[in-house]
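Containing mmCIF, N, CA and C atoms: protein06.cif.
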```
data_structure
#
loop_
_atom_site.label_atom_id
_atom_site.label_comp_id
_atom_site.auth_asym_id
_atom_site.auth_seq_id
_atom_site.Cartn_x
_atom_site.Cartn_y
_atom_site.Cartn_z
N MET O 1272 -0.82 -5.74 -3.39
CA MET O 1272 0.54 -6.03 -3.74
C MET O 1272 0.62 -7.32 -4.53
N VAL O 1273 -0.24 -8.24 -4.18
CA VAL O 1273 -0.30 -9.48 -4.95
C VAL O 1273 -0.75 -9.15 -6.38
N ALA O 1274 -1.66 -8.19 -6.51
CA ALA O 1274 -2.14 -7.78 -7.83
C ALA O 1274 -0.99 -7.24 -8.68
N ALA O 1275 -0.05 -6.56 -8.06
CA ALA O 1275 1.12 -6.06 -8.80
C ALA O 1275 1.92 -7.22 -9.37
N GLY O 1276 2.09 -8.26 -8.56
CA GLY O 1276 2.83 -9.44 -9.02
C GLY O 1276 2.11 -10.20 -10.10
N ARG O 1277 0.80 -10.02 -10.18
CA ARG O 1277 0.00 -10.71 -11.20
C ARG O 1277 -0.21 -9.85 -12.44
N GLY O 1278 0.37 -8.65 -12.46
CA GLY O 1278 0.29 -7.81 -13.64
C GLY O 1278 -0.98 -6.99 -13.76
N ASN O 1279 -1.63 -6.66 -12.66
CA ASN O 1279 -2.83 -5.82 -12.69
C ASN O 1279 -2.51 -4.50 -13.37
N ILE O 1280 -3.27 -4.14 -14.38
CA ILE O 1280 -2.99 -2.95 -15.19
C ILE O 1280 -3.10 -1.66 -14.38
N ALA O 1281 -4.08 -1.56 -13.48
CA ALA O 1281 -4.23 -0.36 -12.67
C ALA O 1281 -3.02 -0.17 -11.76
N VAL O 1282 -2.55 -1.24 -11.17
CA VAL O 1282 -1.38 -1.17 -10.30
C VAL O 1282 -0.14 -0.83 -11.13
N SER O 1283 -0.01 -1.44 -12.29
CA SER O 1283 1.12 -1.14 -13.16
C SER O 1283 1.17 0.33 -13.52
N ARG O 1284 0.01 0.92 -13.79
CA ARG O 1284 -0.05 2.35 -14.10
C ARG O 1284 0.37 3.20 -12.92
N LEU O 1285 -0.09 2.85 -11.73
CA LEU O 1285 0.30 3.59 -10.53
C LEU O 1285 1.81 3.53 -10.31
N ILE O 1286 2.37 2.37 -10.45
CA ILE O 1286 3.81 2.20 -10.26
C ILE O 1286 4.58 2.98 -11.31
N HIS O 1287 4.13 2.92 -12.55
CA HIS O 1287 4.79 3.68 -13.62
C HIS O 1287 4.75 5.18 -13.33
N ARG O 1288 3.58 5.67 -12.94
CA ARG O 1288 3.45 7.11 -12.65
C ARG O 1288 4.35 7.52 -11.49
N SER O 1289 4.44 6.68 -10.48
CA SER O 1289 5.28 7.04 -9.33
C SER O 1289 6.75 7.10 -9.71
N HIS O 1290 7.13 6.35 -10.72
CA HIS O 1290 8.52 6.37 -11.19
C HIS O 1290 8.76 7.52 -12.17
N ALA O 1291 7.77 7.83 -12.99
CA ALA O 1291 7.97 8.78 -14.09
C ALA O 1291 7.51 10.21 -13.81
N GLU O 1292 6.59 10.40 -12.88
CA GLU O 1292 6.01 11.73 -12.68
C GLU O 1292 6.29 12.26 -11.27
N PRO O 1293 6.81 13.47 -11.18
CA PRO O 1293 7.02 14.07 -9.86
C PRO O 1293 5.69 14.23 -9.12
N GLY O 1294 5.72 13.99 -7.83
CA GLY O 1294 4.52 14.14 -7.02
C GLY O 1294 3.66 12.90 -6.90
N TRP O 1295 4.00 11.84 -7.62
CA TRP O 1295 3.27 10.57 -7.54
C TRP O 1295 4.12 9.61 -6.71
N TYR O 1296 3.48 8.95 -5.76
CA TYR O 1296 4.20 8.03 -4.89
C TYR O 1296 3.38 6.76 -4.69
N VAL O 1297 4.06 5.64 -4.62
CA VAL O 1297 3.45 4.37 -4.24
C VAL O 1297 4.22 3.89 -3.02
N TYR O 1298 3.50 3.76 -1.91
CA TYR O 1298 4.11 3.32 -0.66
C TYR O 1298 3.76 1.86 -0.43
N ALA O 1299 4.72 1.11 0.04
CA ALA O 1299 4.52 -0.30 0.33
C ALA O 1299 4.87 -0.54 1.80
N PRO O 1300 3.86 -0.64 2.67
CA PRO O 1300 4.15 -0.92 4.08
C PRO O 1300 4.78 -2.31 4.23
N THR O 1301 5.81 -2.38 5.02
CA THR O 1301 6.57 -3.62 5.19
C THR O 1301 5.68 -4.80 5.57
N CYS O 1302 4.77 -4.59 6.49
CA CYS O 1302 3.91 -5.70 6.93
C CYS O 1302 3.02 -6.20 5.80
N ALA O 1303 2.58 -5.30 4.92
CA ALA O 1303 1.77 -5.71 3.78
C ALA O 1303 2.61 -6.48 2.77
N ILE O 1304 3.88 -6.10 2.64
CA ILE O 1304 4.78 -6.84 1.74
C ILE O 1304 4.95 -8.27 2.23
N VAL O 1305 5.13 -8.43 3.53
CA VAL O 1305 5.29 -9.78 4.10
C VAL O 1305 4.05 -10.62 3.83
N GLU O 1306 2.87 -10.06 4.09
CA GLU O 1306 1.63 -10.81 3.87
C GLU O 1306 1.43 -11.14 2.39
N ALA O 1307 1.76 -10.19 1.52
CA ALA O 1307 1.63 -10.45 0.08
C ALA O 1307 2.58 -11.55 -0.36
N ASP O 1308 3.78 -11.58 0.20
CA ASP O 1308 4.74 -12.62 -0.17
C ASP O 1308 4.30 -13.98 0.33
N ARG O 1309 3.61 -14.00 1.45
CA ARG O 1309 3.07 -15.28 1.95
C ARG O 1309 1.96 -15.78 1.03
N ALA O 1310 1.17 -14.85 0.48
CA ALA O 1310 0.09 -15.24 -0.43
C ALA O 1310 0.63 -15.63 -1.80
N ARG O 1311 1.68 -14.96 -2.24
CA ARG O 1311 2.26 -15.24 -3.55
C ARG O 1311 3.76 -15.07 -3.45
N GLN O 1312 4.45 -16.19 -3.30
CA GLN O 1312 5.89 -16.17 -3.08
C GLN O 1312 6.62 -15.43 -4.21
N GLY O 1313 7.56 -14.57 -3.83
CA GLY O 1313 8.32 -13.80 -4.79
C GLY O 1313 7.83 -12.37 -4.93
N THR O 1314 6.66 -12.07 -4.36
CA THR O 1314 6.10 -10.73 -4.46
C THR O 1314 7.00 -9.69 -3.79
N ALA O 1315 7.56 -10.02 -2.64
CA ALA O 1315 8.41 -9.07 -1.92
C ALA O 1315 9.61 -8.65 -2.76
N GLU O 1316 10.28 -9.61 -3.35
CA GLU O 1316 11.45 -9.30 -4.18
C GLU O 1316 11.05 -8.49 -5.40
N HIS O 1317 9.92 -8.84 -5.98
CA HIS O 1317 9.43 -8.12 -7.17
C HIS O 1317 9.17 -6.66 -6.82
N LEU O 1318 8.46 -6.40 -5.75
CA LEU O 1318 8.14 -5.03 -5.35
C LEU O 1318 9.39 -4.25 -4.96
N ALA O 1319 10.28 -4.88 -4.23
CA ALA O 1319 11.49 -4.20 -3.78
C ALA O 1319 12.38 -3.80 -4.96
N ALA O 1320 12.27 -4.49 -6.07
CA ALA O 1320 13.10 -4.20 -7.24
C ALA O 1320 12.54 -3.07 -8.10
N LEU O 1321 11.29 -2.70 -7.89
CA LEU O 1321 10.68 -1.67 -8.73
C LEU O 1321 11.10 -0.28 -8.29
N PRO O 1322 11.54 0.56 -9.23
CA PRO O 1322 12.07 1.88 -8.85
C PRO O 1322 11.03 2.86 -8.35
N GLY O 1323 9.76 2.67 -8.63
CA GLY O 1323 8.75 3.64 -8.24
C GLY O 1323 8.11 3.38 -6.90
N ILE O 1324 8.60 2.40 -6.16
CA ILE O 1324 7.95 2.02 -4.90
C ILE O 1324 8.81 2.46 -3.72
N THR O 1325 8.16 3.09 -2.75
CA THR O 1325 8.82 3.49 -1.52
C THR O 1325 8.42 2.52 -0.42
N ILE O 1326 9.38 1.79 0.11
CA ILE O 1326 9.11 0.83 1.18
C ILE O 1326 9.01 1.58 2.50
N LEU O 1327 7.93 1.35 3.23
CA LEU O 1327 7.74 1.99 4.53
C LEU O 1327 8.09 1.01 5.64
N ASP O 1328 9.12 1.35 6.40
CA ASP O 1328 9.53 0.51 7.51
C ASP O 1328 8.47 0.51 8.61
N LEU O 1329 8.52 -0.50 9.43
CA LEU O 1329 7.62 -0.55 10.58
C LEU O 1329 8.28 0.22 11.72
N ASP O 1330 7.90 1.48 11.85
CA ASP O 1330 8.43 2.32 12.92
C ASP O 1330 7.56 2.15 14.16
N LEU O 1331 7.90 2.85 15.24
CA LEU O 1331 7.16 2.70 16.48
C LEU O 1331 5.68 3.05 16.34
N PRO O 1332 5.31 4.19 15.72
CA PRO O 1332 3.88 4.46 15.56
C PRO O 1332 3.17 3.39 14.73
N GLY O 1333 3.84 2.87 13.72
CA GLY O 1333 3.27 1.79 12.92
C GLY O 1333 3.09 0.53 13.74
N ALA O 1334 4.08 0.21 14.55
CA ALA O 1334 3.99 -0.99 15.40
C ALA O 1334 2.84 -0.87 16.40
N LEU O 1335 2.65 0.32 16.94
CA LEU O 1335 1.54 0.52 17.88
C LEU O 1335 0.19 0.39 17.18
N ALA O 1336 0.14 0.75 15.90
CA ALA O 1336 -1.10 0.65 15.13
C ALA O 1336 -1.46 -0.79 14.81
N VAL O 1337 -0.49 -1.68 14.81
CA VAL O 1337 -0.72 -3.08 14.43
C VAL O 1337 -1.79 -3.74 15.31
N ALA O 1338 -1.88 -3.35 16.55
CA ALA O 1338 -2.85 -3.96 17.46
C ALA O 1338 -4.29 -3.60 17.14
N ARG O 1339 -4.52 -2.61 16.27
CA ARG O 1339 -5.88 -2.13 15.99
C ARG O 1339 -6.61 -2.93 14.92
N GLN O 1340 -5.95 -3.76 14.18
CA GLN O 1340 -6.57 -4.47 13.06
C GLN O 1340 -6.42 -5.97 13.22
N ALA O 1341 -7.13 -6.69 12.38
CA ALA O 1341 -7.07 -8.15 12.42
C ALA O 1341 -5.74 -8.68 11.91
N THR O 1342 -5.12 -7.96 10.98
CA THR O 1342 -3.84 -8.42 10.44
C THR O 1342 -2.81 -7.30 10.51
N TRP O 1343 -1.56 -7.67 10.55
CA TRP O 1343 -0.48 -6.69 10.56
C TRP O 1343 -0.50 -5.87 9.28
N ALA O 1344 -0.80 -6.52 8.17
CA ALA O 1344 -0.80 -5.82 6.88
C ALA O 1344 -1.86 -4.73 6.86
N ALA O 1345 -3.07 -5.04 7.31
CA ALA O 1345 -4.13 -4.04 7.32
C ALA O 1345 -3.79 -2.89 8.25
N ALA O 1346 -3.25 -3.20 9.40
CA ALA O 1346 -2.90 -2.15 10.37
C ALA O 1346 -1.80 -1.25 9.83
N HIS O 1347 -0.77 -1.83 9.27
CA HIS O 1347 0.34 -1.01 8.75
C HIS O 1347 -0.11 -0.21 7.53
N THR O 1348 -0.96 -0.78 6.72
CA THR O 1348 -1.48 -0.08 5.55
C THR O 1348 -2.35 1.10 5.98
N GLN O 1349 -3.24 0.88 6.93
CA GLN O 1349 -4.09 1.97 7.41
C GLN O 1349 -3.23 3.07 8.03
N HIS O 1350 -2.26 2.69 8.81
CA HIS O 1350 -1.35 3.67 9.42
C HIS O 1350 -0.64 4.48 8.34
N ALA O 1351 -0.19 3.83 7.29
CA ALA O 1351 0.52 4.52 6.21
C ALA O 1351 -0.39 5.48 5.45
N ALA O 1352 -1.70 5.21 5.44
CA ALA O 1352 -2.65 6.06 4.70
C ALA O 1352 -3.12 7.26 5.51
N GLU O 1353 -2.84 7.28 6.80
CA GLU O 1353 -3.28 8.38 7.64
C GLU O 1353 -2.49 9.66 7.33
N PRO O 1354 -3.09 10.81 7.56
CA PRO O 1354 -2.39 12.08 7.31
C PRO O 1354 -1.10 12.20 8.13
N THR O 1355 -0.12 12.80 7.52
CA THR O 1355 1.16 13.10 8.16
C THR O 1355 1.57 14.51 7.73
N PRO O 1356 2.60 15.07 8.33
CA PRO O 1356 3.05 16.39 7.86
C PRO O 1356 3.46 16.37 6.39
N GLU O 1357 4.03 15.26 5.92
CA GLU O 1357 4.41 15.15 4.51
C GLU O 1357 3.21 14.93 3.59
N ARG O 1358 2.17 14.27 4.12
CA ARG O 1358 0.95 13.98 3.37
C ARG O 1358 -0.25 14.46 4.19
N PRO O 1359 -0.52 15.76 4.21
CA PRO O 1359 -1.58 16.28 5.08
C PRO O 1359 -2.97 15.71 4.79
N ASN O 1360 -3.20 15.25 3.56
CA ASN O 1360 -4.50 14.65 3.22
C ASN O 1360 -4.47 13.14 3.35
N GLY O 1361 -3.36 12.59 3.76
CA GLY O 1361 -3.22 11.14 3.83
C GLY O 1361 -2.94 10.57 2.46
N ALA O 1362 -3.06 9.28 2.33
CA ALA O 1362 -2.81 8.58 1.07
C ALA O 1362 -3.99 7.67 0.76
N PHE O 1363 -4.12 7.31 -0.50
CA PHE O 1363 -5.14 6.34 -0.91
C PHE O 1363 -4.60 4.94 -0.69
N ILE O 1364 -5.49 4.02 -0.41
CA ILE O 1364 -5.14 2.60 -0.34
C ILE O 1364 -5.62 1.98 -1.64
N ALA O 1365 -4.68 1.54 -2.46
CA ALA O 1365 -5.01 0.83 -3.70
C ALA O 1365 -5.28 -0.62 -3.31
N THR O 1366 -6.47 -1.10 -3.62
CA THR O 1366 -6.86 -2.43 -3.15
C THR O 1366 -7.77 -3.15 -4.13
N ALA O 1367 -7.64 -4.46 -4.16
CA ALA O 1367 -8.54 -5.30 -4.93
C ALA O 1367 -9.70 -5.78 -4.05
N THR O 1368 -9.64 -5.45 -2.76
CA THR O 1368 -10.69 -5.84 -1.82
C THR O 1368 -11.21 -4.61 -1.07
N PRO O 1369 -11.91 -3.72 -1.78
CA PRO O 1369 -12.36 -2.48 -1.13
C PRO O 1369 -13.34 -2.70 0.01
N LYS O 1370 -14.11 -3.80 -0.02
CA LYS O 1370 -15.07 -4.06 1.06
C LYS O 1370 -14.37 -4.28 2.40
N GLN O 1371 -13.12 -4.71 2.35
CA GLN O 1371 -12.33 -4.92 3.56
C GLN O 1371 -12.19 -3.62 4.36
N TRP O 1372 -12.25 -2.50 3.66
CA TRP O 1372 -12.02 -1.19 4.28
C TRP O 1372 -13.33 -0.45 4.61
N ALA O 1373 -14.47 -1.11 4.41
CA ALA O 1373 -15.76 -0.46 4.71
C ALA O 1373 -15.80 -0.06 6.18
N GLY O 1374 -16.25 1.15 6.41
CA GLY O 1374 -16.36 1.66 7.77
C GLY O 1374 -15.08 2.28 8.32
N GLN O 1375 -13.99 2.12 7.61
CA GLN O 1375 -12.72 2.72 8.03
C GLN O 1375 -12.61 4.13 7.45
N GLN O 1376 -11.93 4.99 8.12
CA GLN O 1376 -11.75 6.35 7.62
C GLN O 1376 -10.48 6.43 6.78
N VAL O 1377 -10.54 5.78 5.63
CA VAL O 1377 -9.44 5.80 4.67
C VAL O 1377 -10.01 6.03 3.28
N ARG O 1378 -9.17 6.55 2.41
CA ARG O 1378 -9.59 6.75 1.02
C ARG O 1378 -9.11 5.54 0.21
N ILE O 1379 -10.01 5.03 -0.60
CA ILE O 1379 -9.77 3.80 -1.35
C ILE O 1379 -9.65 4.08 -2.85
N TYR O 1380 -8.72 3.38 -3.48
CA TYR O 1380 -8.60 3.35 -4.94
C TYR O 1380 -8.81 1.89 -5.33
N ASP O 1381 -9.97 1.59 -5.91
CA ASP O 1381 -10.32 0.22 -6.29
C ASP O 1381 -9.58 -0.13 -7.58
N ILE O 1382 -8.73 -1.15 -7.52
CA ILE O 1382 -7.93 -1.53 -8.69
C ILE O 1382 -8.61 -2.62 -9.53
N ASN O 1383 -9.82 -2.98 -9.16
CA ASN O 1383 -10.54 -3.99 -9.95
C ASN O 1383 -10.96 -3.39 -11.27
N PRO O 1384 -11.00 -4.23 -12.34
CA PRO O 1384 -11.43 -3.71 -13.65
C PRO O 1384 -12.89 -3.27 -13.64
#
```
Since I need it in another form, could you write the structure as structure tokens?
Amino acid sequence: MVAAGRGNIAVSRLIHRSHAEPGWYVYAPTCAIVEADRARQGTAEHLAALPGITILDLDLPGALAVARQATWAAAHTQHAAEPTPERPNGAFIATATPKQWAGQQVRIYDINP
């Protein structure tokens, strides 16, 4: 999310596609937004203003998942990427730090050039 605020081209493309093309979605877990805003002030407002981003609230299953990771952002992000009835295959995690997810059962989209 910080990469979006810094103008990362891969993230910009994902956000554009989610706004312009049916079937493309970019989800922003609330806890990850908070952590991104702490790392780079103004990121939360920037992301919330973009039309192609779906903000994911911290619901009860998400809150219960928070205890499984070192940070709330990682836990909420992993929870958001897990399969659901709406997303039977789960979702990709777009990240600039793919090594952070090593050993986790999540699909990664590396946004590094």
Distance query O:Asp1330 at most 10 Å, only C-alpha atoms, self and fewer than 5 positions along chain excluded, as a list of chain:residue names:
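The contact residues come out as O:Thr1301, O:Leu1335, O:Ala1336, O:His1347.
The interatomic distance for the pair atom N of O:His1287 and atom C of O:Pro1354 works out to 23.3 Å.
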Enumerate as number ranges by chain all residues of stretch 1292-1349 of chain O assigned to alpha helix (DSSP H) by DSSP on the backbone, naming them with the chain letters and numbers the document uses.
O: 1301-1310, 1314-1320, 1331-1336, 1343-1349
For this file, the PyMOL selection byres ((chain O and resi 1361-1374) around 8) selects which residues, as a PyMOL selection string?
chain O and resi 1272+1274+1282+1348-1349+1351-1360+1375-1384
Best match for closeness to O:Leu1327 among O:Ala1310, O:Ile1304, O:Val1273, O:Ala1346, counting only C-alpha atoms
O:Ile1304
Using all atoms listed in the file for the distances, tell me which of O:Leu1331, O:Ala1303, O:His1317, O:Ile1326 is nearest to O:Ala1345.
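Residue with the minimum atom-to-atom distance to O:Ala1345: O:Ala1303.
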Record the distance separating atom CA of O:Leu1285 and atom C of O:Thr1342, expressed in Å with one decimal.
23.9 Å
Let me have the centre and edge lengths in Å, one decimal, of the box along x, y and z around every listed atom of stretch 1275-1279 of chain O with 5 Å of margin on each side, as JSON.
```
{"center_x": 0.0, "center_y": -7.6, "center_z": -10.9, "size_x": 15.7, "size_y": 16.2, "size_z": 15.7}
```
Among the residues of chain O, find those DSSP assigns to strand (DSSP E) from the backbone and print them as JSON, numbers by chain.
{"O": [1297, 1298, 1299, 1300, 1324, 1325, 1326, 1327, 1363, 1364, 1365, 1366, 1378, 1379, 1380, 1381]}
Å distance separating atom C of O:Gly1294 from atom CA of O:Asp1328, one decimal place:
19.9 Å
Return as CSV the residues of stretch 1291-1312 of chain O lying at most 12 Å from stretch 1321-1325 of chain O, together with the closest atom-to-atom pair for each and the distance in Å to one decimal, counting only C-alpha atoms, with rows in chain order and ascending residue number.
```
residue,atom,partner,partner_atom,distance
O:Ala1291,CA,O:Gly1323,CA,7.8
O:Glu1292,CA,O:Gly1323,CA,9.6
O:Pro1293,CA,O:Gly1323,CA,10.7
O:Gly1294,CA,O:Gly1323,CA,11.4
O:Trp1295,CA,O:Gly1323,CA,8.9
O:Tyr1296,CA,O:Ile1324,CA,7.1
O:Val1297,CA,O:Ile1324,CA,5.1
O:Tyr1298,CA,O:Thr1325,CA,4.8
O:Ala1299,CA,O:Thr1325,CA,6.0
O:Pro1300,CA,O:Thr1325,CA,8.5
O:Thr1301,CA,O:Thr1325,CA,10.0
O:Ile1304,CA,O:Ile1324,CA,11.5
```
Selected stretch 1298-1364 of chain O, written as a PDB file, in the first residue's frame, C-alpha atoms:
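Now in decode_28.pdb:
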```pdb
ATOM      1  CA  TYR O1298      -8.872  -5.280  -1.785  1.00  0.00           C
ATOM      2  CA  ALA O1299      -7.369  -3.175   0.970  1.00  0.00           C
ATOM      3  CA  PRO O1300      -7.623  -4.751   4.433  1.00  0.00           C
ATOM      4  CA  THR O1301      -8.261  -2.068   7.035  1.00  0.00           C
ATOM      5  CA  CYS O1302      -5.402  -3.166   9.283  1.00  0.00           C
ATOM      6  CA  ALA O1303      -2.959  -2.986   6.374  1.00  0.00           C
ATOM      7  CA  ILE O1304      -4.192   0.533   5.558  1.00  0.00           C
ATOM      8  CA  VAL O1305      -3.487   1.619   9.129  1.00  0.00           C
ATOM      9  CA  GLU O1306       0.033   0.169   9.056  1.00  0.00           C
ATOM     10  CA  ALA O1307       0.735   1.708   5.642  1.00  0.00           C
ATOM     11  CA  ASP O1308      -0.417   5.108   6.894  1.00  0.00           C
ATOM     12  CA  ARG O1309       1.904   4.808   9.876  1.00  0.00           C
ATOM     13  CA  ALA O1310       4.794   4.087   7.495  1.00  0.00           C
ATOM     14  CA  ARG O1311       3.837   6.867   5.089  1.00  0.00           C
ATOM     15  CA  GLN O1312       1.396   9.447   6.378  1.00  0.00           C
ATOM     16  CA  GLY O1313      -1.453  10.202   3.975  1.00  0.00           C
ATOM     17  CA  THR O1314      -1.527   6.727   2.425  1.00  0.00           C
ATOM     18  CA  ALA O1315      -4.905   5.875   4.000  1.00  0.00           C
ATOM     19  CA  GLU O1316      -6.621   8.927   2.538  1.00  0.00           C
ATOM     20  CA  HIS O1317      -4.989   8.344  -0.838  1.00  0.00           C
ATOM     21  CA  LEU O1318      -6.158   4.726  -1.027  1.00  0.00           C
ATOM     22  CA  ALA O1319      -9.650   5.496   0.258  1.00  0.00           C
ATOM     23  CA  ALA O1320     -10.087   8.089  -2.503  1.00  0.00           C
ATOM     24  CA  LEU O1321      -9.260   5.689  -5.340  1.00  0.00           C
ATOM     25  CA  PRO O1322     -12.344   4.315  -7.112  1.00  0.00           C
ATOM     26  CA  GLY O1323     -10.887   0.881  -7.870  1.00  0.00           C
ATOM     27  CA  ILE O1324     -10.138  -0.126  -4.293  1.00  0.00           C
ATOM     28  CA  THR O1325     -12.470  -2.125  -2.070  1.00  0.00           C
ATOM     29  CA  ILE O1326     -11.823  -1.505   1.625  1.00  0.00           C
ATOM     30  CA  LEU O1327     -12.211  -4.652   3.723  1.00  0.00           C
ATOM     31  CA  ASP O1328     -13.492  -4.007   7.223  1.00  0.00           C
ATOM     32  CA  LEU O1329     -12.127  -5.920  10.165  1.00  0.00           C
ATOM     33  CA  ASP O1330     -14.954  -8.373  10.762  1.00  0.00           C
ATOM     34  CA  LEU O1331     -15.024 -11.054  13.460  1.00  0.00           C
ATOM     35  CA  PRO O1332     -13.231 -13.746  11.399  1.00  0.00           C
ATOM     36  CA  GLY O1333     -10.595 -11.168  10.460  1.00  0.00           C
ATOM     37  CA  ALA O1334     -10.181 -10.104  14.077  1.00  0.00           C
ATOM     38  CA  LEU O1335      -9.707 -13.719  15.136  1.00  0.00           C
ATOM     39  CA  ALA O1336      -7.037 -14.120  12.433  1.00  0.00           C
ATOM     40  CA  VAL O1337      -5.046 -11.170  13.803  1.00  0.00           C
ATOM     41  CA  ALA O1338      -3.602 -13.311  16.594  1.00  0.00           C
ATOM     42  CA  ARG O1339      -1.906 -15.635  14.058  1.00  0.00           C
ATOM     43  CA  GLN O1340       0.674 -13.189  12.691  1.00  0.00           C
ATOM     44  CA  ALA O1341       3.315 -10.827  13.983  1.00  0.00           C
ATOM     45  CA  THR O1342       1.400  -7.764  12.794  1.00  0.00           C
ATOM     46  CA  TRP O1343      -2.259  -6.896  12.391  1.00  0.00           C
ATOM     47  CA  ALA O1344      -1.616  -5.922   8.776  1.00  0.00           C
ATOM     48  CA  ALA O1345      -0.112  -9.296   7.862  1.00  0.00           C
ATOM     49  CA  ALA O1346      -2.891 -11.182   9.624  1.00  0.00           C
ATOM     50  CA  HIS O1347      -5.701  -9.195   8.026  1.00  0.00           C
ATOM     51  CA  THR O1348      -4.033  -9.401   4.620  1.00  0.00           C
ATOM     52  CA  GLN O1349      -3.588 -13.170   4.853  1.00  0.00           C
ATOM     53  CA  HIS O1350      -7.191 -13.543   6.000  1.00  0.00           C
ATOM     54  CA  ALA O1351      -8.374 -11.447   3.037  1.00  0.00           C
ATOM     55  CA  ALA O1352      -6.401 -13.652   0.612  1.00  0.00           C
ATOM     56  CA  GLU O1353      -7.929 -16.906   1.846  1.00  0.00           C
ATOM     57  CA  PRO O1354     -10.655 -18.582  -0.235  1.00  0.00           C
ATOM     58  CA  THR O1355     -14.235 -17.476   0.366  1.00  0.00           C
ATOM     59  CA  PRO O1356     -17.520 -18.299  -1.366  1.00  0.00           C
ATOM     60  CA  GLU O1357     -17.078 -15.105  -3.430  1.00  0.00           C
ATOM     61  CA  ARG O1358     -13.416 -15.932  -4.193  1.00  0.00           C
ATOM     62  CA  PRO O1359     -13.142 -19.740  -4.199  1.00  0.00           C
ATOM     63  CA  ASN O1360      -9.478 -19.595  -5.275  1.00  0.00           C
ATOM     64  CA  GLY O1361      -8.636 -16.857  -2.804  1.00  0.00           C
ATOM     65  CA  ALA O1362      -6.835 -13.671  -3.796  1.00  0.00           C
ATOM     66  CA  PHE O1363      -3.258 -12.715  -4.587  1.00  0.00           C
ATOM     67  CA  ILE O1364      -1.263 -10.584  -2.185  1.00  0.00           C
TER      68      ILE O1364
END
```
